[in-house]
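With mmCIF, C-alpha atoms inside, this is query.cif:
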data_run
loop_
_atom_site.label_atom_id
_atom_site.label_comp_id
_atom_site.auth_asym_id
_atom_site.auth_seq_id
_atom_site.Cartn_x
_atom_site.Cartn_y
_atom_site.Cartn_z
CA MET A 66 24.23 -28.12 -22.71
CA MET A 67 20.70 -27.05 -21.94
CA HIS A 68 19.61 -23.49 -22.62
CA TYR A 69 16.78 -21.80 -20.79
CA LYS A 70 14.66 -18.76 -21.53
CA ARG A 71 12.19 -16.85 -19.39
CA ARG A 72 8.93 -15.46 -20.67
CA LEU A 73 6.44 -13.09 -19.11
CA ILE A 74 3.18 -15.00 -18.74
CA PRO A 75 0.78 -13.11 -21.03
CA VAL A 76 -2.41 -14.97 -20.07
CA ASN A 77 -4.55 -15.13 -16.98
CA LEU A 78 -3.36 -17.94 -14.72
CA LEU A 79 -6.99 -19.01 -14.19
CA ASP A 80 -7.86 -18.95 -17.89
CA ILE A 81 -7.21 -22.68 -18.42
CA PRO A 82 -7.80 -22.82 -22.20
CA ALA A 83 -5.53 -19.80 -22.75
CA VAL A 84 -2.72 -21.23 -20.60
CA GLU A 85 -2.83 -24.64 -22.29
CA THR A 86 -2.93 -23.12 -25.78
CA TRP A 87 -0.10 -20.68 -25.01
CA LEU A 88 2.15 -23.47 -23.71
CA ALA A 89 1.39 -25.64 -26.75
CA ASP A 90 2.21 -22.75 -29.11
CA LEU A 91 5.59 -22.20 -27.43
CA ALA A 92 6.38 -25.90 -27.69
CA GLU A 93 5.90 -25.65 -31.46
CA LYS A 94 8.54 -22.88 -31.34
CA GLY A 95 10.98 -25.04 -29.36
CA LEU A 96 10.24 -23.72 -25.86
CA PHE A 97 9.16 -26.32 -23.27
CA LEU A 98 7.94 -25.37 -19.82
CA VAL A 99 10.26 -26.20 -16.92
CA SER A 100 8.93 -24.13 -14.01
CA SER A 101 6.63 -21.19 -13.38
CA GLY A 102 6.01 -18.34 -10.98
CA ASN A 103 3.11 -15.92 -10.90
CA TYR A 104 4.57 -13.58 -13.51
CA PHE A 105 7.37 -15.41 -15.34
CA ALA A 106 7.79 -18.95 -16.63
CA LYS A 107 11.04 -20.76 -17.38
CA PHE A 108 11.42 -22.75 -20.62
CA GLU A 109 13.98 -25.18 -21.97
CA THR A 110 14.98 -24.79 -25.61
CA ALA A 111 14.82 -27.91 -27.78
CA GLU A 112 13.63 -29.06 -31.19
CA PRO A 113 10.08 -27.81 -31.89
CA ALA A 114 7.40 -30.42 -31.27
CA LYS A 115 3.66 -30.71 -31.05
CA VAL A 116 2.87 -31.11 -27.35
CA THR A 117 -0.44 -31.16 -25.47
CA TYR A 118 -0.66 -29.52 -22.05
CA ARG A 119 -3.30 -29.98 -19.34
CA LEU A 120 -3.83 -28.27 -16.00
CA GLU A 121 -4.81 -30.40 -13.02
CA VAL A 122 -6.23 -28.76 -9.85
CA THR A 123 -3.94 -29.11 -6.81
CA ALA A 124 -5.06 -31.01 -3.73
CA ASN A 125 -4.48 -28.06 -1.40
CA PRO A 126 -4.95 -24.54 -2.84
CA PHE A 127 -3.27 -22.95 0.22
CA LEU A 128 -0.03 -24.92 -0.20
CA ARG A 129 2.23 -24.87 -3.24
CA ALA A 130 3.43 -28.48 -3.52
CA ASP A 131 4.09 -31.14 -6.12
CA PRO A 132 1.55 -33.94 -6.59
CA ASP A 133 2.24 -37.23 -4.82
CA ASN A 134 4.25 -39.88 -6.63
CA LYS A 135 1.26 -42.20 -6.89
CA LYS A 136 -0.64 -39.67 -9.00
CA ILE A 137 2.41 -38.90 -11.14
CA LEU A 138 2.94 -42.59 -11.91
CA PHE A 139 -0.77 -43.08 -12.61
CA PHE A 140 -0.82 -40.28 -15.19
CA GLN A 141 2.41 -41.58 -16.77
CA GLU A 142 0.63 -44.80 -17.64
CA PHE A 143 -1.68 -42.74 -19.89
CA GLY A 144 1.12 -40.75 -21.49
CA TRP A 145 1.09 -37.65 -19.27
CA GLU A 146 4.35 -36.31 -17.81
CA TYR A 147 4.30 -34.03 -14.77
CA VAL A 148 6.06 -30.71 -15.49
CA CYS A 149 5.62 -28.28 -12.60
CA THR A 150 3.15 -26.52 -10.34
CA PHE A 151 1.52 -23.49 -11.93
CA GLY A 152 0.69 -20.90 -9.26
CA ASN A 153 -0.94 -22.45 -6.18
CA TYR A 154 -3.92 -23.92 -7.97
CA PHE A 155 -2.70 -26.14 -10.83
CA HIS A 156 -0.24 -28.88 -11.70
CA VAL A 157 0.93 -28.91 -15.32
CA TYR A 158 1.13 -32.14 -17.32
CA ARG A 159 2.16 -32.62 -20.92
CA SER A 160 1.93 -35.40 -23.46
CA GLU A 161 3.72 -35.95 -26.74
CA LEU A 162 1.08 -38.42 -27.93
CA GLU A 163 -0.89 -37.36 -30.99
CA ASN A 164 -4.29 -37.88 -29.36
CA PRO A 165 -3.66 -38.45 -25.64
CA PRO A 166 -6.58 -39.55 -23.42
CA GLU A 167 -8.05 -36.78 -21.32
CA ILE A 168 -7.01 -36.62 -17.69
CA HIS A 169 -10.61 -36.07 -16.61
CA THR A 170 -13.70 -37.58 -18.18
CA ASP A 171 -16.27 -36.83 -15.45
CA PRO A 172 -17.02 -33.05 -15.26
CA LYS A 173 -19.04 -33.37 -12.04
CA GLN A 174 -16.14 -35.04 -10.26
CA GLN A 175 -13.78 -32.37 -11.58
CA ALA A 176 -16.19 -29.73 -10.27
CA GLN A 177 -15.43 -30.81 -6.71
CA ALA A 178 -11.78 -29.96 -7.18
CA PHE A 179 -12.67 -26.54 -8.59
CA ALA A 180 -14.97 -25.90 -5.63
CA ARG A 181 -11.89 -25.94 -3.36
CA ILE A 182 -9.92 -23.34 -5.28
CA CYS A 183 -13.05 -21.24 -5.80
CA LEU A 184 -13.54 -21.05 -2.03
CA ALA A 185 -9.83 -20.32 -1.52
CA GLN A 186 -9.95 -17.45 -4.01
CA ALA A 187 -13.15 -16.07 -2.45
CA PHE A 188 -11.52 -16.22 0.99
CA ALA A 189 -8.48 -14.33 -0.35
CA ALA A 190 -10.76 -11.66 -1.85
CA MET A 191 -12.63 -11.18 1.44
CA LEU A 192 -9.34 -10.99 3.34
CA LEU A 193 -8.01 -8.31 0.98
CA PHE A 194 -11.24 -6.32 1.21
CA GLY A 195 -11.00 -6.50 5.01
CA MET A 196 -7.39 -5.31 4.98
CA LEU A 197 -8.30 -2.49 2.59
CA PHE A 198 -11.19 -1.40 4.84
CA TYR A 199 -8.90 -1.42 7.88
CA THR A 200 -6.23 0.57 6.02
CA LEU A 201 -8.71 3.25 4.96
CA HIS A 202 -10.41 3.31 8.35
CA SER A 203 -7.09 3.74 10.17
CA SER A 204 -6.25 6.79 7.99
CA ILE A 205 -2.99 5.23 6.80
CA LEU A 206 -3.93 6.23 3.25
CA SER A 207 -5.79 9.42 4.17
CA LEU A 208 -5.72 12.65 2.16
CA ALA A 209 -3.34 14.08 4.76
CA ASN A 210 -0.80 11.33 4.07
CA ILE A 211 -1.26 11.71 0.32
CA VAL A 212 -0.45 15.42 0.70
CA LYS A 213 2.51 14.68 2.97
CA LEU A 214 4.05 11.85 0.98
CA GLY A 215 3.03 12.86 -2.54
CA LEU A 216 1.62 11.04 -5.54
CA PRO A 217 3.43 7.72 -4.90
CA ILE A 218 1.20 7.06 -1.88
CA LEU A 219 -1.85 7.84 -4.05
CA PHE A 220 -0.51 5.42 -6.63
CA ALA A 221 -0.09 2.86 -3.86
CA LEU A 222 -3.71 3.43 -2.80
CA LEU A 223 -5.02 2.81 -6.30
CA PHE A 224 -2.83 -0.27 -6.56
CA TRP A 225 -4.08 -1.57 -3.20
CA ILE A 226 -7.73 -0.97 -4.12
CA SER A 227 -7.26 -2.94 -7.35
CA LEU A 228 -5.98 -6.06 -5.54
CA PRO A 229 -9.26 -7.18 -3.89
CA ILE A 230 -11.23 -6.23 -7.00
CA VAL A 231 -9.00 -8.40 -9.21
CA CYS A 232 -9.12 -11.20 -6.65
CA ALA A 233 -12.94 -11.04 -6.56
CA ALA A 234 -13.05 -11.13 -10.37
CA GLN A 235 -10.82 -14.21 -10.36
CA SER A 236 -13.12 -15.85 -7.84
CA PHE A 237 -16.10 -15.19 -10.10
CA ARG A 238 -14.20 -16.69 -13.04
CA LEU A 239 -13.52 -19.87 -11.06
CA TYR A 240 -17.15 -20.03 -9.95
CA ARG A 241 -18.31 -19.93 -13.58
CA ILE A 242 -15.96 -22.84 -14.37
CA TYR A 243 -17.30 -24.72 -11.35
CA ARG A 244 -20.93 -24.19 -12.44
CA ARG A 245 -20.11 -25.29 -15.97
CA LEU A 246 -18.53 -28.53 -14.73
CA LYS A 247 -21.28 -29.19 -12.22
CA ASN A 248 -23.84 -28.95 -15.02
CA GLY A 249 -21.97 -31.70 -16.91
CA ALA A 250 -20.15 -29.58 -19.51
CA HIS A 251 -16.50 -30.37 -20.24
CA LEU A 252 -13.72 -27.80 -20.00
CA GLU A 253 -12.47 -26.23 -23.19
CA HIS A 254 -8.80 -26.70 -24.02
CA SER A 255 -8.18 -24.19 -26.79
CA SER A 256 -8.40 -20.40 -26.83
CA ASP A 257 -7.70 -17.55 -29.20
CA TYR A 258 -5.72 -15.70 -26.53
CA ARG A 259 -3.63 -13.68 -28.99
CA ASN A 260 -6.29 -10.99 -29.48
CA ARG A 261 -6.06 -10.15 -25.78
CA LEU A 262 -2.28 -10.15 -25.53
CA PRO A 263 -1.73 -6.32 -25.48
CA LEU A 264 -4.19 -5.93 -22.60
CA ARG A 265 -2.74 -8.88 -20.71
CA TYR A 266 0.82 -7.59 -21.08
CA LEU A 267 -0.36 -4.23 -19.76
CA GLN A 268 -2.06 -5.91 -16.81
CA ARG A 269 1.19 -7.71 -16.02
CA ILE A 270 3.58 -4.79 -16.44
CA VAL A 271 1.55 -2.12 -14.59
CA PRO A 272 1.42 -3.92 -11.18
CA MET A 273 5.15 -4.71 -11.30
CA THR A 274 5.96 -1.11 -12.22
CA ALA A 275 3.68 0.15 -9.44
CA PHE A 276 5.37 -2.08 -6.90
CA ILE A 277 8.84 -0.86 -7.93
CA ILE A 278 7.74 2.80 -7.78
CA ILE A 279 6.22 2.30 -4.33
CA LEU A 280 9.38 0.66 -2.98
CA ALA A 281 11.59 3.37 -4.49
CA SER A 282 9.33 6.11 -3.08
CA VAL A 283 9.32 4.63 0.41
CA TYR A 284 13.12 4.30 0.31
CA GLY A 285 13.53 7.86 -0.94
CA LEU A 286 11.17 9.27 1.70
CA THR A 287 13.04 7.39 4.41
CA ILE A 288 16.37 8.88 3.31
CA ILE A 289 14.93 12.41 3.23
CA SER A 290 13.26 11.98 6.61
CA ASN A 291 16.39 10.65 8.29
CA LYS A 292 18.49 13.53 6.99
CA SER A 293 15.91 16.20 7.81
CA GLU A 294 15.41 15.19 11.43
CA ARG A 295 18.92 16.37 12.28
CA LEU A 296 18.56 19.86 10.84
CA GLU A 297 18.93 22.85 13.14
CA ILE A 298 16.29 25.58 13.28
CA PRO A 299 17.64 28.86 11.82
CA GLU A 300 17.32 31.85 14.15
CA SER A 301 15.35 33.81 11.52
CA PHE A 302 12.92 30.98 10.83
CA PRO A 303 9.25 32.07 11.25
CA MET A 304 7.80 30.20 14.21
CA VAL A 305 6.17 30.52 17.60
CA SER A 306 8.82 29.78 20.18
CA LEU A 307 8.10 27.26 22.90
CA ALA A 308 10.03 29.49 25.30
CA GLU A 309 7.65 32.34 24.48
CA ILE A 310 4.64 30.16 25.34
CA GLU A 311 6.10 28.79 28.59
CA GLN A 312 7.59 32.00 30.00
CA GLU A 313 9.96 30.01 32.26
CA ASP A 314 13.39 31.40 33.12
CA SER A 315 14.78 27.92 33.80
CA LEU A 316 13.45 26.43 30.54
CA ARG A 317 16.08 24.42 28.67
CA LEU A 318 15.55 23.42 25.05
CA ALA A 319 16.66 20.03 23.81
CA PRO A 320 19.94 19.89 21.83
CA SER A 321 19.55 21.69 18.52
CA GLY A 322 19.36 19.49 15.45
CA GLY A 323 18.23 16.42 17.37
CA TYR A 324 14.83 14.78 17.18
CA GLY A 325 13.43 17.03 19.92
CA ASN A 326 14.54 20.37 18.48
CA CYS A 327 14.73 20.29 14.69
CA ILE A 328 13.11 21.23 11.43
CA LEU A 329 11.96 19.11 8.51
CA HIS A 330 11.49 20.61 5.06
CA SER A 331 10.08 18.52 2.23
CA GLN A 332 8.21 18.87 -1.05
CA THR A 333 5.53 16.89 -2.83
CA PHE A 334 3.47 17.59 -5.91
CA LEU A 335 0.35 18.45 -3.90
CA ALA A 336 2.25 20.38 -1.21
CA PRO A 337 5.31 22.10 -2.72
CA GLU A 338 6.13 23.62 0.68
CA GLN A 339 6.04 21.52 3.83
CA TYR A 340 7.61 22.42 7.15
CA THR A 341 7.60 20.52 10.41
CA VAL A 342 9.16 22.23 13.43
CA ARG A 343 9.66 20.24 16.64
CA GLN A 344 10.52 21.94 19.93
CA THR A 345 11.10 20.05 23.18
CA ALA A 346 12.25 21.50 26.51
CA SER A 347 12.47 20.76 30.21
CA VAL A 348 12.25 22.90 33.34
CA ASN A 349 14.58 22.10 36.21
CA GLY A 350 12.91 21.83 39.60
CA ARG A 351 9.39 21.67 38.17
CA GLN A 352 7.14 18.65 37.83
CA TRP A 353 3.91 18.01 35.97
CA ALA A 354 0.81 19.01 37.91
CA ASP A 355 -0.68 15.51 37.65
CA ASP A 356 1.41 14.24 40.63
CA SER A 357 3.35 11.87 38.37
CA ASP A 358 6.74 13.04 39.76
CA ARG A 359 7.95 13.54 36.19
CA VAL A 360 10.11 16.50 35.21
CA TYR A 361 8.05 19.10 33.41
CA SER A 362 9.01 18.74 29.74
CA PRO A 363 6.68 20.60 27.34
CA PHE A 364 6.85 20.21 23.58
CA LEU A 365 5.39 21.95 20.55
CA THR A 366 5.20 20.53 17.02
CA MET A 367 4.07 22.68 14.11
CA GLU A 368 3.20 21.28 10.69
CA LEU A 369 2.62 23.75 7.85
CA TYR A 370 1.48 22.83 4.33
CA ARG A 371 1.28 25.17 1.35
CA LEU A 372 -0.86 23.39 -1.22
CA ARG A 373 -0.63 23.59 -4.97
CA PHE A 374 -4.43 23.67 -5.26
CA PRO A 375 -6.25 25.88 -2.71
CA ALA A 376 -9.38 23.72 -3.08
CA LEU A 377 -7.48 20.93 -1.29
CA ALA A 378 -6.86 23.04 1.82
CA GLY A 379 -10.26 22.37 3.43
CA PRO A 380 -10.26 18.57 2.91
CA THR A 381 -6.61 18.36 4.00
CA LEU A 382 -7.35 20.28 7.21
CA HIS A 383 -10.20 17.95 8.14
CA SER A 384 -8.15 14.89 7.23
CA LEU A 385 -5.36 16.06 9.55
CA LYS A 386 -7.93 16.77 12.23
CA ARG A 387 -9.50 13.31 11.99
CA HIS A 388 -6.10 11.63 12.00
CA SER A 389 -4.78 13.55 15.03
CA THR A 390 -7.90 13.31 17.20
CA ARG A 391 -9.12 9.82 16.34
CA TYR A 392 -8.01 8.49 19.72
CA GLY A 393 -9.13 9.77 23.09
CA ILE A 394 -11.78 12.30 24.10
CA TRP A 395 -11.38 15.91 23.02
CA GLU A 396 -13.19 19.16 23.69
CA LYS A 397 -13.56 21.21 20.52
CA GLU A 398 -13.59 24.99 20.22
CA THR A 399 -14.26 26.80 16.95
CA TRP A 400 -12.48 30.13 16.65
CA GLU A 401 -13.98 32.81 14.42
CA GLY A 402 -13.22 36.40 13.56
CA PHE A 403 -9.43 36.13 13.31
CA GLY A 404 -9.09 36.51 9.55
CA THR A 405 -8.87 32.79 8.85
CA GLU A 406 -11.26 30.51 6.99
CA GLU A 407 -11.19 27.82 9.67
CA ALA A 408 -9.61 27.57 13.11
CA TYR A 409 -10.15 24.93 15.78
CA LEU A 410 -8.74 24.16 19.21
CA TYR A 411 -8.93 20.61 20.55
CA THR A 412 -8.19 20.03 24.24
CA SER A 413 -7.72 16.51 25.53
CA THR A 414 -9.81 15.50 28.54
CA GLU A 415 -7.68 12.41 29.14
CA SER A 416 -4.16 13.83 28.82
CA PRO A 417 -4.07 17.13 30.77
CA GLY A 418 -2.08 19.79 28.99
CA GLN A 419 -2.42 18.37 25.47
CA GLN A 420 -3.86 20.89 23.02
CA GLN A 421 -4.05 20.84 19.23
CA VAL A 422 -4.72 23.73 16.88
CA PHE A 423 -5.90 23.34 13.27
CA LEU A 424 -6.30 26.36 11.01
CA ARG A 425 -6.63 27.14 7.33
CA THR A 426 -5.95 30.36 5.44
CA GLY A 427 -6.06 30.37 1.64
CA ASP A 428 -3.81 27.59 0.37
CA THR A 429 -2.09 27.10 3.73
CA VAL A 430 -2.93 24.57 6.44
CA ILE A 431 -1.32 24.60 9.89
CA CYS A 432 -1.51 21.90 12.53
CA LEU A 433 0.01 22.43 16.01
CA ASP A 434 0.38 19.85 18.74
CA TYR A 435 1.23 21.26 22.18
CA ARG A 436 1.80 19.42 25.44
CA GLY A 437 2.28 21.68 28.41
CA GLU A 438 0.47 23.56 31.16
CA SER A 439 0.24 26.94 29.44
CA ASP A 440 -2.77 28.24 27.54
CA ILE A 441 -2.04 28.63 23.84
CA ARG A 442 -5.22 30.60 23.06
CA PRO A 443 -3.46 34.01 23.30
CA PHE A 444 -1.02 32.89 20.61
CA LEU A 445 -3.66 32.26 17.94
CA PRO A 446 -2.86 35.54 16.07
CA GLU A 447 0.79 34.47 15.91
CA PHE A 448 -0.18 31.04 14.59
CA ILE A 449 -2.34 32.65 11.90
CA ALA A 450 0.50 35.02 10.95
CA LEU A 451 2.61 32.01 10.07
CA ALA A 452 0.23 31.30 7.18
CA GLN A 453 1.38 34.53 5.45
CA ALA A 454 5.07 34.20 6.41
CA ASP A 455 7.85 33.63 3.90
CA PHE A 456 9.72 30.47 4.74
CA PRO A 457 13.27 29.92 3.51
CA ALA A 458 14.08 26.67 1.75
CA ILE A 459 15.84 24.32 4.16
CA GLU A 460 18.22 21.89 2.54
CA PRO A 461 18.96 18.52 4.22
#
This entry written out as structure tokens:
Amino acid sequence: MMHYKRRLIPVNLLDIPAVETWLADLAEKGLFLVSSGNYFAKFETAEPAKVTYRLEVTANPFLRADPDNKKILFFQEFGWEYVCTFGNYFHVYRSELENPPEIHTDPKQQAQAFARICLAQAFAAMLLFGMLFYTLHSSILSLANIVKLGLPILFALLFWISLPIVCAAQSFRLYRIYRRLKNGAHLEHSSDYRNRLPLRYLQRIVPMTAFIIILASVYGLTIISNKSERLEIPESFPMVSLAEIEQEDSLRLAPSGGYGNCILHSQTFLAPEQYTVRQTASVNGRQWADDSDRVYSPFLTMELYRLRFPALAGPTLHSLKRHSTRYGIWEKETWEGFGTEEAYLYTSTESPGQQQVFLRTGDTVICLDYRGESDIRPFLPEFIALAQADFPAIEP
């Protein structure tokens, strides 16, 4: 009965001498490669033996596939047995001969094969840099989201930034191999990889741990969000009522505890107190003034953040402002003299009735999004008063 063991790959997949030496060392311990992924390799246990391994560049770096039978049979004639595909770039062959003939004897011809995977790796690096630029430009990983979602999203940002950098470094490594071969120098097949093992294990474990933390964080945030959206707003909760702004006798609020009339309370390291209050209503017999024949249904959403570090309040305010007003055309008003460090009103010129207020006082940032036909300017003192209010803890 065959027994198999899995091992974390402790060497760089593109470090050919290190991979070949590592596989040969394990064979002398009775572990023979069967298959491989990007992080773990599977080995069959057998009697220890001295085995030589070689990596052969795949025909298509964008497709993980076994070599054709013609090539496998050709290499078998020289004592090389096909083992598996290593990543997307290499096929692994092994020989039990004492001094097997080399698979490649012409470095310049081998350089052509490395040119393909070098271009593929460079393309992957450029694609990742483009995706990173888009992610940062779209404010998905903005300071506001880091404050809202906590340190896991910051950890995800650092992890995401490292991906294109690592990919670019791998591309440079392949290019150096390509240049070496093109100049007529043969590849090396032995490496003293053991001195770098602690660093390589760390480089393997950290990304996997980061990925698990990110998934767990996203799952946890989803659970909290789903529970919090159904919470009712306590009568004593500090807020500016939508009914007070509208002054309509026939105003009807949406069902309490639903998505349109609810409260969300959450905590992160950077913002120990976070409150989001959503209010939605409708007015029977009244329509929007834009001749759309739609029932007049104003809404008001308030987001309040109490930050652990007051120095973050200013950058968080401007991050929220950029995120909320990045689409459309807005008229900006700066309010001064109300006892607040910063206060702004943004009025949409494309969506009549949409107004947004951003203000900062001490360690508190407030963002309000209003859609209706009333003027919210007279309520600025009440908005500012919320920054000094005591908010009760709301449990999901």
Shell around Gln186 (chain A) at 12 Å using all atoms listed in the file, local window under 4 positions removed, as a ChimeraX atom specification:
/A:79,126-127,153-154,179-182,190-193,229-240
Can I get the selected residues back with C-alpha atoms, as a PDB file, keeping the file's coordinate frame?
ATOM      1  CA  LEU A  79      -6.990 -19.010 -14.190  1.00  0.00           C
ATOM      2  CA  PRO A 126      -4.950 -24.540  -2.840  1.00  0.00           C
ATOM      3  CA  PHE A 127      -3.270 -22.950   0.220  1.00  0.00           C
ATOM      4  CA  ASN A 153      -0.940 -22.450  -6.180  1.00  0.00           C
ATOM      5  CA  TYR A 154      -3.920 -23.920  -7.970  1.00  0.00           C
ATOM      6  CA  PHE A 179     -12.670 -26.540  -8.590  1.00  0.00           C
ATOM      7  CA  ALA A 180     -14.970 -25.900  -5.630  1.00  0.00           C
ATOM      8  CA  ARG A 181     -11.890 -25.940  -3.360  1.00  0.00           C
ATOM      9  CA  ILE A 182      -9.920 -23.340  -5.280  1.00  0.00           C
ATOM     10  CA  ALA A 190     -10.760 -11.660  -1.850  1.00  0.00           C
ATOM     11  CA  MET A 191     -12.630 -11.180   1.440  1.00  0.00           C
ATOM     12  CA  LEU A 192      -9.340 -10.990   3.340  1.00  0.00           C
ATOM     13  CA  LEU A 193      -8.010  -8.310   0.980  1.00  0.00           C
ATOM     14  CA  PRO A 229      -9.260  -7.180  -3.890  1.00  0.00           C
ATOM     15  CA  ILE A 230     -11.230  -6.230  -7.000  1.00  0.00           C
ATOM     16  CA  VAL A 231      -9.000  -8.400  -9.210  1.00  0.00           C
ATOM     17  CA  CYS A 232      -9.120 -11.200  -6.650  1.00  0.00           C
ATOM     18  CA  ALA A 233     -12.940 -11.040  -6.560  1.00  0.00           C
ATOM     19  CA  ALA A 234     -13.050 -11.130 -10.370  1.00  0.00           C
ATOM     20  CA  GLN A 235     -10.820 -14.210 -10.360  1.00  0.00           C
ATOM     21  CA  SER A 236     -13.120 -15.850  -7.840  1.00  0.00           C
ATOM     22  CA  PHE A 237     -16.100 -15.190 -10.100  1.00  0.00           C
ATOM     23  CA  ARG A 238     -14.200 -16.690 -13.040  1.00  0.00           C
ATOM     24  CA  LEU A 239     -13.520 -19.870 -11.060  1.00  0.00           C
ATOM     25  CA  TYR A 240     -17.150 -20.030  -9.950  1.00  0.00           C
TER      26      TYR A 240
END
Need to verify the contact set: region 403-417 of chain A, 9 Å, all atoms listed in the file, exclusion of same-chain residues closer than 5 positions in sequence. Can you return it as an NGL selection string?
:A and (354-355 or 379 or 382 or 390 or 393-398 or 422-427 or 436-438 or 442 or 445-446 or 449)
With only C-alpha atoms as the counted atoms, please give the residues lying no more than 7 Å from Val148 (chain A), apart from itself and same-chain residues fewer than 2 positions off, as a ChimeraX atom specification.
/A:99,146,157-159
Assuming the chain letters and numbering stay as they are in my file, what does the PyMOL selection byres ((chain A and resi 328) around 6) actually select? List them as a ChimeraX atom specification.
/A:296,298,327,329,341-342
Which residues would end up in the selection if the PyMOL selection byres ((chain A and resi 434) around 8) were applied here, given that I need the answer as a list of chain:residue names?
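For this structure, the PyMOL selection byres ((chain A and resi 434) around 8) resolves to A:Leu365, A:Thr366, A:Met367, A:Gln419, A:Gln420, A:Gln421, A:Val422, A:Cys432, A:Leu433, A:Tyr435, A:Arg436.
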Can I get the selected residues back with C-alpha atoms, as a compact mmCIF listing (two decimals), in the coordinates of the input?
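Now in out16.txt:
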# COMPACT_ATOMS: atom_id res chain seq x y z
CA LEU A 365 5.39 21.95 20.55
CA THR A 366 5.20 20.53 17.02
CA MET A 367 4.07 22.68 14.11
CA GLN A 419 -2.42 18.37 25.47
CA GLN A 420 -3.86 20.89 23.02
CA GLN A 421 -4.05 20.84 19.23
CA VAL A 422 -4.72 23.73 16.88
CA CYS A 432 -1.51 21.90 12.53
CA LEU A 433 0.01 22.43 16.01
CA TYR A 435 1.23 21.26 22.18
CA ARG A 436 1.80 19.42 25.44
Taking (3.4, -33.0, -6.4) in the coordinates of the supplied file, I want to know which residues reach to within 12 Å of it, counting all atoms listed in the file; could you give the answer as a VMD selection string?
chain A and resid 121 to 125 128 to 138 146 to 151 153 to 158
Which of these, A:Phe224, A:Arg387, A:Asp257, A:Pro165, has the shortest distance to Gln141 (chain A) once you count all atoms listed in the file?
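The answer is A:Pro165, which sits nearest to Gln141 (chain A).
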Please, what distance in Å, to one decimal, runs between CA of Pro113 (chain A) and CA of Glu85 (chain A)?
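Calculated distance between CA of Pro113 (chain A) and CA of Glu85 (chain A) is 16.4 Å.
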In the coordinate frame of the file, compute which residues have an atom within 9 Å of (6.5, 17.0, -2.3) when using only C-alpha atoms, and state them as a ChimeraX atom specification.
/A:212-216,331-339
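Separating CA of Asn210 (chain A) from CA of Leu318 (chain A) is a distance of 29.2 Å.
You can rank A:Leu252, A:Leu222, A:Leu316, A:Ile242 by their closest distance to Gly350 (chain A) using all atoms listed in the file, and at the top of that list sits A:Leu316.
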At what distance in Å, to one decimal, does CA of Ala89 (chain A) lie from CA of Lys115 (chain A)?
7.0 Å
Could you expand the PyMOL selection byres ((chain A and resi 259) around 12) into the explicit residues it covers here, written as a ChimeraX atom specification?
/A:75-76,83-84,86-87,90,255-258,260-266
Looking at A:Ile270, A:Lys70, A:Phe143, A:His254, which one is nearest to Pro82 (chain A), with distances taken over all atoms listed in the file?
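Once distances to Pro82 (chain A) are computed over all atoms listed in the file, the minimum belongs to A:His254.
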Using only C-alpha atoms, the residue out of A:Ser389, A:Gln453, A:Asp314, A:Val305 with shortest distance to Tyr370 (chain A) is A:Gln453
Enclosing box along x, y and z for every listed atom of region 431-449 of chain A, padded 5 Å each side, centre and size in Å, one decimal, as lines of an AutoDock Vina configuration file:
center_x = -1.5
center_y = 27.5
center_z = 20.5
size_x = 17.5
size_y = 26.1
size_z = 31.3
Quick one: residues within 8 Å of Asn349 (chain A), all atoms listed in the file, excluding same-chain residues fewer than 5 positions away - as a ChimeraX atom specification?
/A:315-316,360-361
For region 169-177 of chain A, please output as number ranges by chain all residues within 7 Å (counting only C-alpha atoms; exclusion window: fewer than 5 positions along the same chain).
A: 243, 246-247, 249-251
Please produce a file of the residues just selected, as a compact mmCIF listing (two decimals), in the frame of the given file, where the atoms kept are C-alpha atoms.
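Full text of selection10.txt as output:
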# COMPACT_ATOMS: atom_id res chain seq x y z
CA TYR A 243 -17.30 -24.72 -11.35
CA LEU A 246 -18.53 -28.53 -14.73
CA LYS A 247 -21.28 -29.19 -12.22
CA GLY A 249 -21.97 -31.70 -16.91
CA ALA A 250 -20.15 -29.58 -19.51
CA HIS A 251 -16.50 -30.37 -20.24
